Each structure stands twice: as C-alpha cells, then as structure tokens.
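Engineer: My questions will all concern the structure given below.
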Amino acid sequence: MATTILLADDHPLLLNGTKEFLEKKWFKIVATATDGNAAYNRIVELQPDIAILDFDMPKLNGLEIALEIKRNLLTTKVVILTLHKQESILNEIGKSIHGYVTKDCALEELEACLESLKNNINYIGKKLQSSIHLNSSPDSCVEQLTPTELKILKYLNKNLSSPQIAEELFISKRTVEKHRSNIIKKLDIDTTSQNALFLWLKNNPNIFNT
C-alpha cells in the first residue's frame, strides 16, 4: 500500500514541484495546503501517514501543527521541510516531529527521509547533521558502558522510547532515563542538543558491529 502524504507549503511552485516528484516515486499525495490551519484540518480529516510541512506558513507554522498533532494523539508523522536550520526544530525530533530536511537539499534526500520513516526511523538531513557539534567518536568510551547501558543504547538505536525500553527490560522508566543520562556522560556527548545521543547513533551506524 502506498504511503499517504499531505503536503503544505505557502509557495505554490515549491508545493507543486515536490508533489510531482513524490507522485513519480509512487507516494500518494492525498491533499495539499498553503496555510497551517488548512493543513491541520486536512490532517485531522484524512489521517495521512506522513505530513510534510513548511516551517513558515500563515496562521500556523509547521512546528505548531506538529505539536497539535501530538497533543491530539494523531498518528500522522511530521517532516519539517524548510530553509531554516534551528535548534528548536531539532529538539522536537522524536517528540512531535520525525523528520527534518532543508530545502537546499536535493529532493532525493526527502525521498530517503520518507523511506526512513516507513521503517520507523527518524531522519535528520545530512547538512543539518554536519552543522551539529558532537564531541564523541565511536571508539571513545563505549567499553565503559555496563551491560544494561549497552542494551539500552541498542534499544535507543532501534528508536524505542524510554517507556518501551522499560517494558523490554522490566525496569522503570525513571531507571531507563538515569541509565540514558549515564550513557551520555560516558560517551562524552555534547548535551546542548536534546537529540545529541540520537544524532551520535545516527553518525555511528556501525558501532554495534565492532
């Protein structure tokens, strides 16, 4: 079954160009919108698999729509497609949004993002990754992790949330979060970004093969 998508952008040329590209790739565009209110109303009505939203739009911006989707427990995943490179957007990865791609990247990267989301893996554009400072390297300090911390790191790499990990390991969510904090310290990860651990894992995909 084709992935259903809503597109929202207040620039008609960009909106139509993205729509044509994705339809050629066999994605199903169920609706388009040029302002935030219209986009959100169509998301509520149609419940698409994914909403690709511009950040700057009249009435509601892309992030405000994403927060409303989360607040109302809708299942639609959100990709922010924008010119902006903002920490506030990055901080919502894994919370209210699932993908973040800048418009100066090729449309092929948007396709890669959508394929990643189909596999329940959040996606951050390559240019955004390179602009984020991460201190640690694959070799640094992984050996210092306890067996439980290593298990948790592997679950995080599979995009599981703290409650899901707690259920898998039969421990409390609070214990998982304490272990997660210890992991961040041991890997010497820059904690100025709330998603630094996620980005570290994304930048070190072979860490569990060594």
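Just so we're on the same page: first chain in the structure tokens is A, next is B, and so on; residues restart at 1 for each chain, and ligands are numbered from 1 in the order they show up.
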From a DSSP pass on the backbone, collect the residues of chain A flagged as strand (DSSP E or B) and hand them back as a PyMOL selection string.
Structural biologist: chain A and resi 4-8+28-33+50-53+77-82+93+97+99-102+123-124
Engineer: Report as a list in words all protein, DNA and RNA residues lying within 12 Å of Gln144 of chain A, evaluated on only C-alpha atoms, omitting residues in the same chain fewer than 6 positions from it.
Structural biologist: Leu150, Asn182, Ile183, Ile184, Lys185, Lys186, Leu187 and Asp188 of chain A
Engineer: Grab the residues selected above and save them as an mmCIF file, in the first residue's frame with C-alpha atoms.
Structural biologist:
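This went into result03.cif:
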data_model
loop_
_atom_site.group_PDB
_atom_site.id
_atom_site.type_symbol
_atom_site.label_atom_id
_atom_site.label_comp_id
_atom_site.auth_asym_id
_atom_site.auth_seq_id
_atom_site.Cartn_x
_atom_site.Cartn_y
_atom_site.Cartn_z
ATOM 1 C CA LEU A 150 24.767 -1.153 26.259
ATOM 2 C CA ASN A 182 24.963 7.951 32.354
ATOM 3 C CA ILE A 183 25.412 6.839 28.737
ATOM 4 C CA ILE A 184 25.557 10.446 27.562
ATOM 5 C CA LYS A 185 28.217 11.244 30.170
ATOM 6 C CA LYS A 186 30.322 8.169 29.393
ATOM 7 C CA LEU A 187 30.213 8.806 25.632
ATOM 8 C CA ASP A 188 31.193 12.432 26.263
#
Engineer: Applying 12 Å and only C-alpha atoms, which residues near Ile89 of chain A remain after dropping the ones on its own chain fewer than 6 positions away? List them as an MDAnalysis selection string.
Structural biologist: chainID A and resid 54:55 61:64 66:67 78:83 95:102 124 128 193:195
Engineer: Export C-alpha atoms of the chosen residues as a PDB file, in the first residue's frame?
Structural biologist:
ATOM      1  CA  ASP A  54       6.963  24.016   5.606  1.00  0.00           C
ATOM      2  CA  PHE A  55       8.069  25.764   8.788  1.00  0.00           C
ATOM      3  CA  ASN A  61       3.732  27.117  11.280  1.00  0.00           C
ATOM      4  CA  GLY A  62       4.888  23.568  10.717  1.00  0.00           C
ATOM      5  CA  LEU A  63       6.095  23.032  14.261  1.00  0.00           C
ATOM      6  CA  GLU A  64       2.840  24.346  15.760  1.00  0.00           C
ATOM      7  CA  ALA A  66       3.218  19.061  14.765  1.00  0.00           C
ATOM      8  CA  LEU A  67       2.606  19.957  18.410  1.00  0.00           C
ATOM      9  CA  VAL A  78       5.603  15.002  10.589  1.00  0.00           C
ATOM     10  CA  VAL A  79       8.505  16.040   8.380  1.00  0.00           C
ATOM     11  CA  ILE A  80       9.610  19.675   8.527  1.00  0.00           C
ATOM     12  CA  LEU A  81      10.902  20.828   5.130  1.00  0.00           C
ATOM     13  CA  THR A  82      12.321  24.320   5.448  1.00  0.00           C
ATOM     14  CA  LEU A  83      15.159  26.730   4.754  1.00  0.00           C
ATOM     15  CA  LYS A  95       8.909  14.117  20.107  1.00  0.00           C
ATOM     16  CA  SER A  96       6.476  15.959  17.857  1.00  0.00           C
ATOM     17  CA  ILE A  97       8.338  15.545  14.552  1.00  0.00           C
ATOM     18  CA  HIS A  98      10.003  12.581  12.871  1.00  0.00           C
ATOM     19  CA  GLY A  99      11.987  14.168  10.059  1.00  0.00           C
ATOM     20  CA  TYR A 100      13.788  17.449   9.367  1.00  0.00           C
ATOM     21  CA  VAL A 101      15.147  18.280   5.909  1.00  0.00           C
ATOM     22  CA  THR A 102      16.270  21.617   4.499  1.00  0.00           C
ATOM     23  CA  ILE A 124      17.716  14.395  10.044  1.00  0.00           C
ATOM     24  CA  LEU A 128      21.831  19.539   9.471  1.00  0.00           C
ATOM     25  CA  SER A 193      21.234  19.452  21.980  1.00  0.00           C
ATOM     26  CA  GLN A 194      18.491  17.283  23.463  1.00  0.00           C
ATOM     27  CA  ASN A 195      18.852  14.962  20.485  1.00  0.00           C
TER      28      ASN A 195
END
Engineer: Go through A:Lys158, A:Lys70, A:Lys85, A:Lys151 and flag the residue nearest Val176 of chain A, using only C-alpha atoms for the distances.
Structural biologist: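 Closest candidate: A:Lys151.
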Engineer: Could you give me, as number ranges by chain, the residues within 12 Å of Met1 of chain A, counting only C-alpha atoms and dropping anything in the same chain fewer than 5 positions from it?
Structural biologist: A: 26-28, 49, 118
Engineer: What would the file look like if the residues just selected were written as a compact mmCIF listing (two decimals), in the first residue's frame with all heavy atoms?
Structural biologist:
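again.txt, freshly written:
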# COMPACT_ATOMS: atom_id res chain seq x y z
N TRP A 26 5.82 7.10 -6.57
CA TRP A 26 4.73 6.24 -6.13
C TRP A 26 4.23 6.53 -4.72
O TRP A 26 3.59 5.68 -4.10
CB TRP A 26 5.11 4.76 -6.26
CG TRP A 26 5.55 4.42 -7.64
CD1 TRP A 26 6.83 4.20 -8.06
CD2 TRP A 26 4.73 4.30 -8.82
NE1 TRP A 26 6.88 3.95 -9.41
CE2 TRP A 26 5.59 4.00 -9.91
CE3 TRP A 26 3.36 4.42 -9.07
CZ2 TRP A 26 5.13 3.81 -11.20
CZ3 TRP A 26 2.91 4.23 -10.36
CH2 TRP A 26 3.78 3.93 -11.41
N PHE A 27 4.51 7.71 -4.21
CA PHE A 27 3.87 8.13 -2.96
C PHE A 27 2.48 8.70 -3.31
O PHE A 27 2.30 9.29 -4.38
CB PHE A 27 4.70 9.18 -2.24
CG PHE A 27 5.99 8.66 -1.68
CD1 PHE A 27 7.19 8.89 -2.33
CD2 PHE A 27 6.02 7.94 -0.49
CE1 PHE A 27 8.39 8.41 -1.83
CE2 PHE A 27 7.21 7.44 0.02
CZ PHE A 27 8.39 7.68 -0.65
N LYS A 28 1.53 8.54 -2.42
CA LYS A 28 0.16 9.00 -2.68
C LYS A 28 -0.09 10.32 -1.96
O LYS A 28 -0.17 10.36 -0.73
CB LYS A 28 -0.85 7.95 -2.22
CG LYS A 28 -2.30 8.31 -2.55
CD LYS A 28 -3.25 7.21 -2.12
CE LYS A 28 -4.68 7.57 -2.46
NZ LYS A 28 -5.63 6.51 -2.03
N ASP A 49 -0.46 9.13 6.47
CA ASP A 49 0.67 8.51 7.17
C ASP A 49 1.71 9.56 7.56
O ASP A 49 2.27 9.51 8.66
CB ASP A 49 1.34 7.46 6.26
CG ASP A 49 0.40 6.32 5.90
OD1 ASP A 49 -0.34 5.86 6.79
OD2 ASP A 49 0.41 5.91 4.73
N LYS A 118 9.12 5.21 6.97
CA LYS A 118 8.34 3.99 6.73
C LYS A 118 8.88 2.84 7.57
O LYS A 118 8.14 1.93 7.95
CB LYS A 118 8.40 3.62 5.24
CG LYS A 118 7.47 4.44 4.37
CD LYS A 118 7.73 4.23 2.90
CE LYS A 118 7.42 2.82 2.44
NZ LYS A 118 7.60 2.67 0.96
